[in-house]
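The file my_file.txt comes next; it holds compact mmCIF, N, CA and C atoms.
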```
# COMPACT_ATOMS: atom_id res chain seq x y z
N MET A 1 -8.33 -5.98 7.34
CA MET A 1 -8.33 -5.47 5.99
C MET A 1 -8.15 -3.95 6.05
N HIS A 2 -7.54 -3.44 5.02
CA HIS A 2 -7.36 -1.99 4.95
C HIS A 2 -7.06 -1.58 3.52
N GLN A 3 -7.10 -0.26 3.29
CA GLN A 3 -6.63 0.36 2.06
C GLN A 3 -5.40 1.19 2.43
N ASP A 4 -4.50 1.37 1.47
CA ASP A 4 -3.29 2.15 1.74
C ASP A 4 -3.45 3.65 1.47
N TRP A 5 -4.49 4.08 0.78
CA TRP A 5 -4.59 5.48 0.37
C TRP A 5 -4.51 6.43 1.55
N TRP A 6 -5.03 6.03 2.71
CA TRP A 6 -5.06 6.92 3.86
C TRP A 6 -3.65 7.35 4.27
N TYR A 7 -2.67 6.48 4.11
CA TYR A 7 -1.30 6.78 4.55
C TYR A 7 -0.61 7.81 3.67
N PHE A 8 -0.96 7.83 2.39
CA PHE A 8 -0.35 8.79 1.46
C PHE A 8 -1.30 9.08 0.32
N PRO A 9 -2.39 9.79 0.60
CA PRO A 9 -3.32 10.13 -0.47
C PRO A 9 -2.64 11.03 -1.50
N THR A 10 -2.93 10.79 -2.75
CA THR A 10 -2.38 11.64 -3.80
C THR A 10 -3.52 12.39 -4.49
N GLN A 11 -3.19 13.50 -5.12
CA GLN A 11 -4.20 14.32 -5.79
C GLN A 11 -4.97 13.52 -6.82
N ARG A 12 -4.28 12.74 -7.63
CA ARG A 12 -4.90 12.04 -8.76
C ARG A 12 -5.06 10.55 -8.51
N ASP A 13 -4.78 10.09 -7.31
CA ASP A 13 -4.95 8.67 -6.94
C ASP A 13 -4.21 7.73 -7.88
N SER A 14 -2.97 8.07 -8.22
CA SER A 14 -2.17 7.22 -9.11
C SER A 14 -1.26 6.26 -8.34
N MET A 15 -1.33 6.28 -7.02
CA MET A 15 -0.42 5.46 -6.20
C MET A 15 -0.71 3.97 -6.37
N ILE A 16 0.36 3.20 -6.54
CA ILE A 16 0.27 1.74 -6.54
C ILE A 16 1.33 1.20 -5.59
N ALA A 17 1.17 -0.05 -5.22
CA ALA A 17 2.15 -0.73 -4.38
C ALA A 17 2.76 -1.87 -5.17
N ALA A 18 4.02 -2.14 -4.89
CA ALA A 18 4.71 -3.32 -5.42
C ALA A 18 5.32 -4.03 -4.22
N THR A 19 4.78 -5.20 -3.90
CA THR A 19 5.30 -5.99 -2.80
C THR A 19 6.20 -7.06 -3.38
N ILE A 20 7.46 -7.02 -3.02
CA ILE A 20 8.46 -7.98 -3.51
C ILE A 20 8.64 -9.03 -2.42
N PHE A 21 8.40 -10.27 -2.77
CA PHE A 21 8.49 -11.36 -1.79
C PHE A 21 9.91 -11.91 -1.74
N LEU A 22 10.53 -11.80 -0.58
CA LEU A 22 11.89 -12.32 -0.38
C LEU A 22 11.86 -13.75 0.13
N THR A 23 10.69 -14.19 0.59
CA THR A 23 10.47 -15.57 1.03
C THR A 23 9.12 -16.00 0.47
N ASP A 24 8.88 -17.30 0.43
CA ASP A 24 7.57 -17.80 0.05
C ASP A 24 6.54 -17.30 1.06
N ALA A 25 5.32 -17.07 0.60
CA ALA A 25 4.26 -16.59 1.49
C ALA A 25 2.95 -17.30 1.14
N ASP A 26 2.29 -17.78 2.16
CA ASP A 26 0.97 -18.39 2.01
C ASP A 26 0.19 -18.19 3.30
N SER A 27 -0.97 -18.80 3.41
CA SER A 27 -1.82 -18.57 4.58
C SER A 27 -1.19 -19.05 5.88
N ARG A 28 -0.24 -19.98 5.81
CA ARG A 28 0.39 -20.48 7.04
C ARG A 28 1.34 -19.46 7.66
N ASN A 29 1.99 -18.65 6.82
CA ASN A 29 2.96 -17.69 7.38
C ASN A 29 2.55 -16.23 7.15
N GLY A 30 1.25 -15.99 7.13
CA GLY A 30 0.77 -14.60 7.08
C GLY A 30 0.81 -13.99 5.71
N GLY A 31 0.55 -14.77 4.68
CA GLY A 31 0.55 -14.25 3.31
C GLY A 31 -0.57 -13.26 3.05
N PHE A 32 -0.49 -12.57 1.95
CA PHE A 32 -1.47 -11.55 1.58
C PHE A 32 -2.82 -12.16 1.25
N CYS A 33 -3.86 -11.39 1.54
CA CYS A 33 -5.22 -11.70 1.12
C CYS A 33 -5.79 -10.40 0.54
N VAL A 34 -6.53 -10.51 -0.55
CA VAL A 34 -7.08 -9.33 -1.22
C VAL A 34 -8.54 -9.58 -1.60
N TYR A 35 -9.24 -8.49 -1.84
CA TYR A 35 -10.56 -8.53 -2.45
C TYR A 35 -10.38 -8.07 -3.89
N PRO A 36 -10.32 -9.02 -4.84
CA PRO A 36 -10.15 -8.65 -6.25
C PRO A 36 -11.26 -7.68 -6.69
N GLY A 37 -10.86 -6.66 -7.41
CA GLY A 37 -11.81 -5.66 -7.90
C GLY A 37 -12.17 -4.58 -6.90
N SER A 38 -11.70 -4.70 -5.66
CA SER A 38 -12.07 -3.72 -4.64
C SER A 38 -11.47 -2.34 -4.90
N HIS A 39 -10.48 -2.26 -5.77
CA HIS A 39 -9.91 -0.95 -6.10
C HIS A 39 -10.98 -0.04 -6.73
N ARG A 40 -12.01 -0.64 -7.30
CA ARG A 40 -13.08 0.15 -7.92
C ARG A 40 -13.95 0.87 -6.89
N LEU A 41 -13.84 0.50 -5.62
CA LEU A 41 -14.61 1.16 -4.56
C LEU A 41 -14.12 2.57 -4.28
N GLY A 42 -12.88 2.87 -4.69
CA GLY A 42 -12.32 4.19 -4.40
C GLY A 42 -12.00 4.33 -2.92
N ARG A 43 -11.95 5.56 -2.47
CA ARG A 43 -11.61 5.84 -1.07
C ARG A 43 -12.77 5.48 -0.15
N LEU A 44 -12.52 4.57 0.76
CA LEU A 44 -13.51 4.23 1.78
C LEU A 44 -13.15 4.97 3.05
N GLU A 45 -14.13 5.55 3.70
CA GLU A 45 -13.91 6.29 4.94
C GLU A 45 -13.32 5.39 6.02
N ARG A 46 -12.35 5.91 6.75
CA ARG A 46 -11.73 5.22 7.89
C ARG A 46 -11.29 3.81 7.51
N SER A 47 -10.62 3.67 6.37
CA SER A 47 -10.21 2.36 5.87
C SER A 47 -8.74 2.05 6.10
N SER A 48 -8.12 2.75 7.05
CA SER A 48 -6.69 2.54 7.31
C SER A 48 -6.42 1.23 8.03
N GLY A 49 -7.44 0.63 8.62
CA GLY A 49 -7.25 -0.58 9.41
C GLY A 49 -6.83 -0.29 10.85
N LEU A 50 -6.68 0.97 11.19
CA LEU A 50 -6.26 1.34 12.54
C LEU A 50 -7.43 1.44 13.50
N GLU A 51 -8.65 1.40 12.98
CA GLU A 51 -9.84 1.52 13.80
C GLU A 51 -10.96 0.73 13.15
N GLN A 52 -12.01 0.45 13.90
CA GLN A 52 -13.19 -0.20 13.35
C GLN A 52 -13.85 0.75 12.35
N SER A 53 -14.29 0.22 11.22
CA SER A 53 -14.91 1.06 10.21
C SER A 53 -16.13 0.36 9.63
N PRO A 54 -17.28 1.03 9.64
CA PRO A 54 -18.46 0.45 9.01
C PRO A 54 -18.23 0.14 7.53
N ALA A 55 -17.40 0.93 6.87
CA ALA A 55 -17.12 0.71 5.44
C ALA A 55 -16.40 -0.61 5.19
N LEU A 56 -15.66 -1.11 6.18
CA LEU A 56 -14.90 -2.35 6.02
C LEU A 56 -15.65 -3.59 6.51
N GLN A 57 -16.76 -3.40 7.20
CA GLN A 57 -17.50 -4.54 7.75
C GLN A 57 -17.91 -5.57 6.69
N PRO A 58 -18.28 -5.17 5.47
CA PRO A 58 -18.64 -6.18 4.47
C PRO A 58 -17.44 -6.96 3.92
N TYR A 59 -16.23 -6.61 4.36
CA TYR A 59 -15.01 -7.19 3.80
C TYR A 59 -14.13 -7.80 4.88
N PRO A 60 -14.57 -8.87 5.53
CA PRO A 60 -13.73 -9.49 6.56
C PRO A 60 -12.54 -10.21 5.94
N LEU A 61 -11.47 -10.34 6.70
CA LEU A 61 -10.28 -11.06 6.24
C LEU A 61 -10.64 -12.48 5.81
N SER A 62 -11.58 -13.09 6.52
CA SER A 62 -11.95 -14.48 6.21
C SER A 62 -12.58 -14.63 4.83
N GLY A 63 -13.10 -13.56 4.24
CA GLY A 63 -13.72 -13.62 2.92
C GLY A 63 -12.80 -13.22 1.78
N ALA A 64 -11.59 -12.80 2.11
CA ALA A 64 -10.65 -12.33 1.09
C ALA A 64 -9.98 -13.51 0.37
N THR A 65 -9.46 -13.24 -0.81
CA THR A 65 -8.79 -14.25 -1.62
C THR A 65 -7.31 -14.31 -1.23
N PRO A 66 -6.82 -15.47 -0.81
CA PRO A 66 -5.39 -15.60 -0.49
C PRO A 66 -4.54 -15.47 -1.75
N VAL A 67 -3.38 -14.84 -1.59
CA VAL A 67 -2.42 -14.71 -2.69
C VAL A 67 -1.16 -15.46 -2.26
N ASP A 68 -1.01 -16.68 -2.74
CA ASP A 68 0.21 -17.43 -2.45
C ASP A 68 1.32 -16.90 -3.36
N ALA A 69 2.47 -16.65 -2.78
CA ALA A 69 3.59 -16.09 -3.55
C ALA A 69 4.86 -16.89 -3.29
N ARG A 70 5.68 -16.96 -4.30
CA ARG A 70 6.98 -17.60 -4.18
C ARG A 70 8.05 -16.53 -4.07
N ARG A 71 9.15 -16.88 -3.46
CA ARG A 71 10.27 -15.94 -3.35
C ARG A 71 10.59 -15.41 -4.75
N GLY A 72 10.69 -14.09 -4.87
CA GLY A 72 10.97 -13.44 -6.15
C GLY A 72 9.74 -12.92 -6.85
N ASP A 73 8.54 -13.35 -6.43
CA ASP A 73 7.31 -12.82 -7.02
C ASP A 73 7.12 -11.37 -6.61
N VAL A 74 6.40 -10.62 -7.45
CA VAL A 74 6.05 -9.24 -7.14
C VAL A 74 4.54 -9.09 -7.31
N LEU A 75 3.89 -8.53 -6.32
CA LEU A 75 2.46 -8.29 -6.36
C LEU A 75 2.24 -6.79 -6.50
N PHE A 76 1.60 -6.38 -7.59
CA PHE A 76 1.26 -4.97 -7.82
C PHE A 76 -0.22 -4.76 -7.53
N PHE A 77 -0.55 -3.67 -6.83
CA PHE A 77 -1.96 -3.38 -6.59
C PHE A 77 -2.17 -1.90 -6.32
N SER A 78 -3.37 -1.43 -6.60
CA SER A 78 -3.77 -0.05 -6.35
C SER A 78 -3.83 0.22 -4.85
N TYR A 79 -3.64 1.46 -4.48
CA TYR A 79 -3.73 1.76 -3.05
C TYR A 79 -5.17 1.78 -2.55
N PHE A 80 -6.14 1.54 -3.44
CA PHE A 80 -7.53 1.35 -3.06
C PHE A 80 -7.86 -0.12 -2.80
N THR A 81 -7.01 -1.04 -3.23
CA THR A 81 -7.30 -2.47 -3.08
C THR A 81 -7.38 -2.85 -1.61
N LEU A 82 -8.48 -3.48 -1.23
CA LEU A 82 -8.62 -3.97 0.14
C LEU A 82 -7.72 -5.18 0.32
N HIS A 83 -6.84 -5.13 1.31
CA HIS A 83 -5.90 -6.22 1.54
C HIS A 83 -5.56 -6.33 3.03
N GLY A 84 -5.02 -7.48 3.39
CA GLY A 84 -4.61 -7.73 4.76
C GLY A 84 -3.87 -9.05 4.83
N SER A 85 -3.44 -9.41 6.01
CA SER A 85 -2.70 -10.66 6.21
C SER A 85 -3.12 -11.29 7.52
N PRO A 86 -3.28 -12.61 7.53
CA PRO A 86 -3.54 -13.28 8.79
C PRO A 86 -2.24 -13.34 9.60
N PRO A 87 -2.31 -13.68 10.87
CA PRO A 87 -1.09 -13.80 11.67
C PRO A 87 -0.19 -14.90 11.11
N ASN A 88 1.11 -14.71 11.24
CA ASN A 88 2.07 -15.74 10.86
C ASN A 88 2.14 -16.74 12.01
N ARG A 89 1.61 -17.92 11.78
CA ARG A 89 1.58 -18.95 12.82
C ARG A 89 2.61 -20.06 12.54
N SER A 90 3.48 -19.81 11.59
CA SER A 90 4.49 -20.81 11.25
C SER A 90 5.81 -20.48 11.93
N GLU A 91 6.78 -21.32 11.74
CA GLU A 91 8.14 -21.07 12.23
C GLU A 91 8.94 -20.28 11.21
N GLN A 92 8.39 -20.09 10.02
CA GLN A 92 9.08 -19.41 8.92
C GLN A 92 8.80 -17.91 8.96
N VAL A 93 9.83 -17.10 8.84
CA VAL A 93 9.67 -15.66 8.77
C VAL A 93 9.21 -15.30 7.36
N ARG A 94 8.23 -14.40 7.26
CA ARG A 94 7.79 -13.90 5.95
C ARG A 94 8.45 -12.55 5.75
N LYS A 95 9.27 -12.44 4.69
CA LYS A 95 9.98 -11.19 4.41
C LYS A 95 9.53 -10.64 3.08
N THR A 96 9.25 -9.34 3.08
CA THR A 96 8.87 -8.64 1.85
C THR A 96 9.53 -7.27 1.83
N VAL A 97 9.57 -6.69 0.65
CA VAL A 97 9.96 -5.29 0.49
C VAL A 97 8.76 -4.61 -0.17
N LEU A 98 8.31 -3.52 0.42
CA LEU A 98 7.17 -2.79 -0.11
C LEU A 98 7.65 -1.50 -0.76
N VAL A 99 7.27 -1.31 -2.01
CA VAL A 99 7.60 -0.08 -2.74
C VAL A 99 6.29 0.58 -3.14
N GLN A 100 6.15 1.86 -2.84
CA GLN A 100 4.97 2.63 -3.24
C GLN A 100 5.38 3.60 -4.33
N LEU A 101 4.60 3.64 -5.40
CA LEU A 101 4.93 4.46 -6.56
C LEU A 101 3.73 5.28 -6.99
N HIS A 102 3.97 6.52 -7.41
CA HIS A 102 2.89 7.32 -8.00
C HIS A 102 3.43 8.05 -9.21
N ALA A 103 2.51 8.49 -10.07
CA ALA A 103 2.89 9.19 -11.30
C ALA A 103 3.69 10.44 -10.97
N GLY A 104 4.64 10.78 -11.84
CA GLY A 104 5.50 11.93 -11.60
C GLY A 104 4.76 13.25 -11.56
N ASP A 105 3.60 13.32 -12.21
CA ASP A 105 2.85 14.57 -12.18
C ASP A 105 1.75 14.56 -11.11
N ASP A 106 1.75 13.54 -10.27
CA ASP A 106 0.83 13.48 -9.14
C ASP A 106 1.55 14.02 -7.91
N LEU A 107 0.84 14.23 -6.83
CA LEU A 107 1.42 14.82 -5.63
C LEU A 107 0.82 14.19 -4.39
N VAL A 108 1.65 13.81 -3.43
CA VAL A 108 1.16 13.28 -2.17
C VAL A 108 0.59 14.45 -1.37
N LEU A 109 -0.63 14.31 -0.92
CA LEU A 109 -1.30 15.36 -0.15
C LEU A 109 -0.81 15.33 1.30
N ASP A 110 -0.96 16.43 2.00
CA ASP A 110 -0.53 16.50 3.39
C ASP A 110 -1.32 15.53 4.25
N ASN A 111 -0.61 14.82 5.09
CA ASN A 111 -1.23 13.96 6.11
C ASN A 111 -0.38 14.16 7.36
N PRO A 112 -0.84 14.98 8.29
CA PRO A 112 -0.03 15.30 9.47
C PRO A 112 0.31 14.09 10.34
N GLN A 113 -0.39 12.98 10.15
CA GLN A 113 -0.14 11.79 10.96
C GLN A 113 0.95 10.90 10.37
N VAL A 114 1.37 11.17 9.13
CA VAL A 114 2.36 10.32 8.46
C VAL A 114 3.40 11.21 7.79
N ASN A 115 4.69 10.88 7.97
CA ASN A 115 5.78 11.63 7.35
C ASN A 115 6.32 10.85 6.17
N HIS A 116 6.37 11.48 5.01
CA HIS A 116 6.86 10.83 3.79
C HIS A 116 8.16 11.50 3.34
N SER A 117 9.22 11.17 4.01
CA SER A 117 10.50 11.84 3.76
C SER A 117 11.09 11.50 2.40
N ASN A 118 10.72 10.38 1.81
CA ASN A 118 11.32 9.99 0.53
C ASN A 118 10.40 10.20 -0.66
N GLU A 119 9.36 11.00 -0.52
CA GLU A 119 8.42 11.15 -1.63
C GLU A 119 9.03 11.85 -2.83
N TYR A 120 10.20 12.43 -2.69
CA TYR A 120 10.81 13.13 -3.81
C TYR A 120 11.78 12.26 -4.61
N LEU A 121 11.89 10.98 -4.27
CA LEU A 121 12.72 10.07 -5.04
C LEU A 121 12.05 9.77 -6.37
N VAL A 122 12.84 9.66 -7.43
CA VAL A 122 12.31 9.40 -8.76
C VAL A 122 13.02 8.19 -9.34
N LEU A 123 12.24 7.23 -9.88
CA LEU A 123 12.85 6.05 -10.50
C LEU A 123 13.38 6.36 -11.88
N ALA A 124 12.66 7.18 -12.62
CA ALA A 124 13.09 7.55 -13.98
C ALA A 124 12.46 8.88 -14.32
N GLY A 125 13.11 9.65 -15.17
CA GLY A 125 12.55 10.93 -15.59
C GLY A 125 13.01 12.08 -14.71
N TRP A 126 12.21 13.10 -14.67
CA TRP A 126 12.55 14.34 -13.98
C TRP A 126 11.49 14.63 -12.92
N ASN A 127 11.94 14.95 -11.72
CA ASN A 127 11.02 15.31 -10.64
C ASN A 127 10.93 16.83 -10.61
N ARG A 128 9.83 17.34 -11.10
CA ARG A 128 9.64 18.79 -11.20
C ARG A 128 9.45 19.46 -9.84
N ARG A 129 9.22 18.68 -8.80
CA ARG A 129 9.00 19.26 -7.47
C ARG A 129 10.26 19.27 -6.61
N MET A 130 11.32 18.66 -7.05
CA MET A 130 12.56 18.59 -6.28
C MET A 130 13.27 19.95 -6.32
N THR A 131 13.82 20.33 -5.16
CA THR A 131 14.62 21.55 -5.06
C THR A 131 15.91 21.21 -4.32
N ARG A 132 16.88 22.08 -4.38
CA ARG A 132 18.12 21.86 -3.64
C ARG A 132 17.84 21.76 -2.13
N ALA A 133 16.94 22.59 -1.63
CA ALA A 133 16.63 22.59 -0.21
C ALA A 133 16.04 21.24 0.22
N LEU A 134 15.18 20.66 -0.58
CA LEU A 134 14.60 19.37 -0.26
C LEU A 134 15.63 18.26 -0.35
N ALA A 135 16.57 18.38 -1.27
CA ALA A 135 17.58 17.33 -1.50
C ALA A 135 18.52 17.17 -0.31
N VAL A 136 18.70 18.23 0.47
CA VAL A 136 19.63 18.15 1.60
C VAL A 136 18.95 17.80 2.91
N LYS A 137 17.64 17.59 2.88
CA LYS A 137 16.92 17.24 4.10
C LYS A 137 17.37 15.92 4.63
```
Here is a file; write its structure as C-alpha cells.
Amino acid sequence: MHQDWWYFPTQRDSMIAATIFLTDADSRNGGFCVYPGSHRLGRLERSSGLEQSPALQPYPLSGATPVDARRGDVLFFSYFTLHGSPPNRSEQVRKTVLVQLHAGDDLVLDNPQVNHSNEYLVLAGWNRRMTRALAVK
C-alpha cells in the first residue's frame, strides 16, 4: 500500500489520479485495491511504499477493498488515497494509463528524488507558470 503524494507533493494538495483501464482488472491479474475514505488521513510519513512505514502498518493490502474494473473504466482518486495492487498471477496482462492532475493555481513542490518534466502541461486554460525557456526543455 502507498500514497502518491510523496512522488509529487503540491502546495495545496489538489493532485488527483485518473487510472484508465485498457484491459479488465481484478484480483487475479493485479487489480487495484484501496482503503475507501483514507484520503482523509492526509499526508502519512514515509507512505511512498518504497520502505517499511509504521504509518502504513494498520493498512495491509489484505484489508483493502478490491476495485474490479472493465476495459474503458476510469478510476479517480486523491493522491492521499491508500492504494496498492497484488501481484498479477494470471496469464493476462493488466494495462492501464495513469494521468496525474492538479489545479492550475497549485504548484508541484521540489522533490530531488523525482523529476517531473511534464508538470507544465495544461489540459485546459492558461498555465501562468509556463515560459518560453521551459517550453523548449
Tell me, as a ChimeraX atom specification, which residues lie within 7 Å of Ile20 of chain A, counting only N, CA and C atoms; anything in the same chain fewer than 4 positions away does not count. /A:72-75,95-99
Determine which residues of chain A DSSP labels as strand (DSSP E or B) from the backbone of this structure, then write them out as an MDAnalysis selection string. chainID A and resid 2 10 16:21 25 29 32:34 65:67 69 74:78 83:84 88 96:101 108
Take the residues from that selection and put them in a file with N, CA and C atoms, as an mmCIF file, in the frame of the given file.
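Result saved to selection_9.cif:
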```cif
data_model
loop_
_atom_site.group_PDB
_atom_site.id
_atom_site.type_symbol
_atom_site.label_atom_id
_atom_site.label_comp_id
_atom_site.auth_asym_id
_atom_site.auth_seq_id
_atom_site.Cartn_x
_atom_site.Cartn_y
_atom_site.Cartn_z
ATOM 1 N N HIS A 2 -7.540 -3.440 5.020
ATOM 2 C CA HIS A 2 -7.360 -1.990 4.950
ATOM 3 C C HIS A 2 -7.060 -1.580 3.520
ATOM 4 N N THR A 10 -2.930 10.790 -2.750
ATOM 5 C CA THR A 10 -2.380 11.640 -3.800
ATOM 6 C C THR A 10 -3.520 12.390 -4.490
ATOM 7 N N ILE A 16 0.360 3.200 -6.540
ATOM 8 C CA ILE A 16 0.270 1.740 -6.540
ATOM 9 C C ILE A 16 1.330 1.200 -5.590
ATOM 10 N N ALA A 17 1.170 -0.050 -5.220
ATOM 11 C CA ALA A 17 2.150 -0.730 -4.380
ATOM 12 C C ALA A 17 2.760 -1.870 -5.170
ATOM 13 N N ALA A 18 4.020 -2.140 -4.890
ATOM 14 C CA ALA A 18 4.710 -3.320 -5.420
ATOM 15 C C ALA A 18 5.320 -4.030 -4.220
ATOM 16 N N THR A 19 4.780 -5.200 -3.900
ATOM 17 C CA THR A 19 5.300 -5.990 -2.800
ATOM 18 C C THR A 19 6.200 -7.060 -3.380
ATOM 19 N N ILE A 20 7.460 -7.020 -3.020
ATOM 20 C CA ILE A 20 8.460 -7.980 -3.510
ATOM 21 C C ILE A 20 8.640 -9.030 -2.420
ATOM 22 N N PHE A 21 8.400 -10.270 -2.770
ATOM 23 C CA PHE A 21 8.490 -11.360 -1.790
ATOM 24 C C PHE A 21 9.910 -11.910 -1.740
ATOM 25 N N ALA A 25 5.320 -17.070 0.600
ATOM 26 C CA ALA A 25 4.260 -16.590 1.490
ATOM 27 C C ALA A 25 2.950 -17.300 1.140
ATOM 28 N N ASN A 29 1.990 -18.650 6.820
ATOM 29 C CA ASN A 29 2.960 -17.690 7.380
ATOM 30 C C ASN A 29 2.550 -16.230 7.150
ATOM 31 N N PHE A 32 -0.490 -12.570 1.950
ATOM 32 C CA PHE A 32 -1.470 -11.550 1.580
ATOM 33 C C PHE A 32 -2.820 -12.160 1.250
ATOM 34 N N CYS A 33 -3.860 -11.390 1.540
ATOM 35 C CA CYS A 33 -5.220 -11.700 1.120
ATOM 36 C C CYS A 33 -5.790 -10.400 0.540
ATOM 37 N N VAL A 34 -6.530 -10.510 -0.550
ATOM 38 C CA VAL A 34 -7.080 -9.330 -1.220
ATOM 39 C C VAL A 34 -8.540 -9.580 -1.600
ATOM 40 N N THR A 65 -9.460 -13.240 -0.810
ATOM 41 C CA THR A 65 -8.790 -14.250 -1.620
ATOM 42 C C THR A 65 -7.310 -14.310 -1.230
ATOM 43 N N PRO A 66 -6.820 -15.470 -0.810
ATOM 44 C CA PRO A 66 -5.390 -15.600 -0.490
ATOM 45 C C PRO A 66 -4.540 -15.470 -1.750
ATOM 46 N N VAL A 67 -3.380 -14.840 -1.590
ATOM 47 C CA VAL A 67 -2.420 -14.710 -2.690
ATOM 48 C C VAL A 67 -1.160 -15.460 -2.260
ATOM 49 N N ALA A 69 2.470 -16.650 -2.780
ATOM 50 C CA ALA A 69 3.590 -16.090 -3.550
ATOM 51 C C ALA A 69 4.860 -16.890 -3.290
ATOM 52 N N VAL A 74 6.400 -10.620 -7.450
ATOM 53 C CA VAL A 74 6.050 -9.240 -7.140
ATOM 54 C C VAL A 74 4.540 -9.090 -7.310
ATOM 55 N N LEU A 75 3.890 -8.530 -6.320
ATOM 56 C CA LEU A 75 2.460 -8.290 -6.360
ATOM 57 C C LEU A 75 2.240 -6.790 -6.500
ATOM 58 N N PHE A 76 1.600 -6.380 -7.590
ATOM 59 C CA PHE A 76 1.260 -4.970 -7.820
ATOM 60 C C PHE A 76 -0.220 -4.760 -7.530
ATOM 61 N N PHE A 77 -0.550 -3.670 -6.830
ATOM 62 C CA PHE A 77 -1.960 -3.380 -6.590
ATOM 63 C C PHE A 77 -2.170 -1.900 -6.320
ATOM 64 N N SER A 78 -3.370 -1.430 -6.600
ATOM 65 C CA SER A 78 -3.770 -0.050 -6.350
ATOM 66 C C SER A 78 -3.830 0.220 -4.850
ATOM 67 N N HIS A 83 -6.840 -5.130 1.310
ATOM 68 C CA HIS A 83 -5.900 -6.220 1.540
ATOM 69 C C HIS A 83 -5.560 -6.330 3.030
ATOM 70 N N GLY A 84 -5.020 -7.480 3.390
ATOM 71 C CA GLY A 84 -4.610 -7.730 4.760
ATOM 72 C C GLY A 84 -3.870 -9.050 4.830
ATOM 73 N N ASN A 88 1.110 -14.710 11.240
ATOM 74 C CA ASN A 88 2.070 -15.740 10.860
ATOM 75 C C ASN A 88 2.140 -16.740 12.010
ATOM 76 N N THR A 96 9.250 -9.340 3.080
ATOM 77 C CA THR A 96 8.870 -8.640 1.850
ATOM 78 C C THR A 96 9.530 -7.270 1.830
ATOM 79 N N VAL A 97 9.570 -6.690 0.650
ATOM 80 C CA VAL A 97 9.960 -5.290 0.490
ATOM 81 C C VAL A 97 8.760 -4.610 -0.170
ATOM 82 N N LEU A 98 8.310 -3.520 0.420
ATOM 83 C CA LEU A 98 7.170 -2.790 -0.110
ATOM 84 C C LEU A 98 7.650 -1.500 -0.760
ATOM 85 N N VAL A 99 7.270 -1.310 -2.010
ATOM 86 C CA VAL A 99 7.600 -0.080 -2.740
ATOM 87 C C VAL A 99 6.290 0.580 -3.140
ATOM 88 N N GLN A 100 6.150 1.860 -2.840
ATOM 89 C CA GLN A 100 4.970 2.630 -3.240
ATOM 90 C C GLN A 100 5.380 3.600 -4.330
ATOM 91 N N LEU A 101 4.600 3.640 -5.400
ATOM 92 C CA LEU A 101 4.930 4.460 -6.560
ATOM 93 C C LEU A 101 3.730 5.280 -6.990
ATOM 94 N N VAL A 108 1.650 13.810 -3.430
ATOM 95 C CA VAL A 108 1.160 13.280 -2.170
ATOM 96 C C VAL A 108 0.590 14.450 -1.370
#
```
For Arg43 of chain A, work out the shell of residues within 8 Å, counting all atoms listed in the file and skipping chain neighbours fewer than 6 positions away, then give it as a ChimeraX atom specification. /A:5-6,79-80
Could you take the residues named above and write them with N, CA and C atoms, as a JSON list (two decimals), in the coordinates of the input?
```
[["chain", "number", "residue", "atom", "x", "y", "z"],
["A", 5, "TRP", "N", -4.49, 4.08, 0.78],
["A", 5, "TRP", "CA", -4.59, 5.48, 0.37],
["A", 5, "TRP", "C", -4.51, 6.43, 1.55],
["A", 6, "TRP", "N", -5.03, 6.03, 2.71],
["A", 6, "TRP", "CA", -5.06, 6.92, 3.86],
["A", 6, "TRP", "C", -3.65, 7.35, 4.27],
["A", 79, "TYR", "N", -3.64, 1.46, -4.48],
["A", 79, "TYR", "CA", -3.73, 1.76, -3.05],
["A", 79, "TYR", "C", -5.17, 1.78, -2.55],
["A", 80, "PHE", "N", -6.14, 1.54, -3.44],
["A", 80, "PHE", "CA", -7.53, 1.35, -3.06],
["A", 80, "PHE", "C", -7.86, -0.12, -2.80]]
```
Using all atoms listed in the file, which residues sit within 8 Å of Arg71 of chain A once same-chain residues fewer than 5 positions away are excluded, as an mmCIF file with N, CA and C atoms, keeping the file's coordinate frame?
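Result saved to selection_30.cif:
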```cif
data_model
loop_
_atom_site.group_PDB
_atom_site.id
_atom_site.type_symbol
_atom_site.label_atom_id
_atom_site.label_comp_id
_atom_site.auth_asym_id
_atom_site.auth_seq_id
_atom_site.Cartn_x
_atom_site.Cartn_y
_atom_site.Cartn_z
ATOM 1 N N ILE A 20 7.460 -7.020 -3.020
ATOM 2 C CA ILE A 20 8.460 -7.980 -3.510
ATOM 3 C C ILE A 20 8.640 -9.030 -2.420
ATOM 4 N N PHE A 21 8.400 -10.270 -2.770
ATOM 5 C CA PHE A 21 8.490 -11.360 -1.790
ATOM 6 C C PHE A 21 9.910 -11.910 -1.740
ATOM 7 N N LEU A 22 10.530 -11.800 -0.580
ATOM 8 C CA LEU A 22 11.890 -12.320 -0.380
ATOM 9 C C LEU A 22 11.860 -13.750 0.130
ATOM 10 N N THR A 23 10.690 -14.190 0.590
ATOM 11 C CA THR A 23 10.470 -15.570 1.030
ATOM 12 C C THR A 23 9.120 -16.000 0.470
ATOM 13 N N ASP A 24 8.880 -17.300 0.430
ATOM 14 C CA ASP A 24 7.570 -17.800 0.050
ATOM 15 C C ASP A 24 6.540 -17.300 1.060
ATOM 16 N N ALA A 25 5.320 -17.070 0.600
ATOM 17 C CA ALA A 25 4.260 -16.590 1.490
ATOM 18 C C ALA A 25 2.950 -17.300 1.140
#
```
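Residue neighbourhood of segment 29-34 of chain A, excluding near-sequence residues (fewer than 4 positions): Ala25, Ala64, Thr65, Pro66, Val67, Leu82, His83, Gly84, Ser85, Pro86, Pro87, Asn88, Arg89 and Ser90 of chain A, at 5 Å, using only N, CA and C atoms.
Distance annotation: of A:Gln92, A:Ser38, A:Ser27, A:Ser78, the residue with the minimal separation from Asp4 of chain A is A:Ser78; atom set is only C-alpha atoms.
Proximity to Leu101 of chain A was assessed for A:Asp68, A:Ile16, A:Pro9, A:Leu56 counting all atoms listed in the file; the smallest distance is recorded for A:Ile16.
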So, counting all atoms listed in the file, which residue among A:Ala133, A:Leu109, A:Ser62, A:Arg94 is closest to Tyr7 of chain A? A:Leu109
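Pairwise distance (atom N of Arg12 of chain A, atom CA of Asp106 of chain A) equals 5.4 Å.
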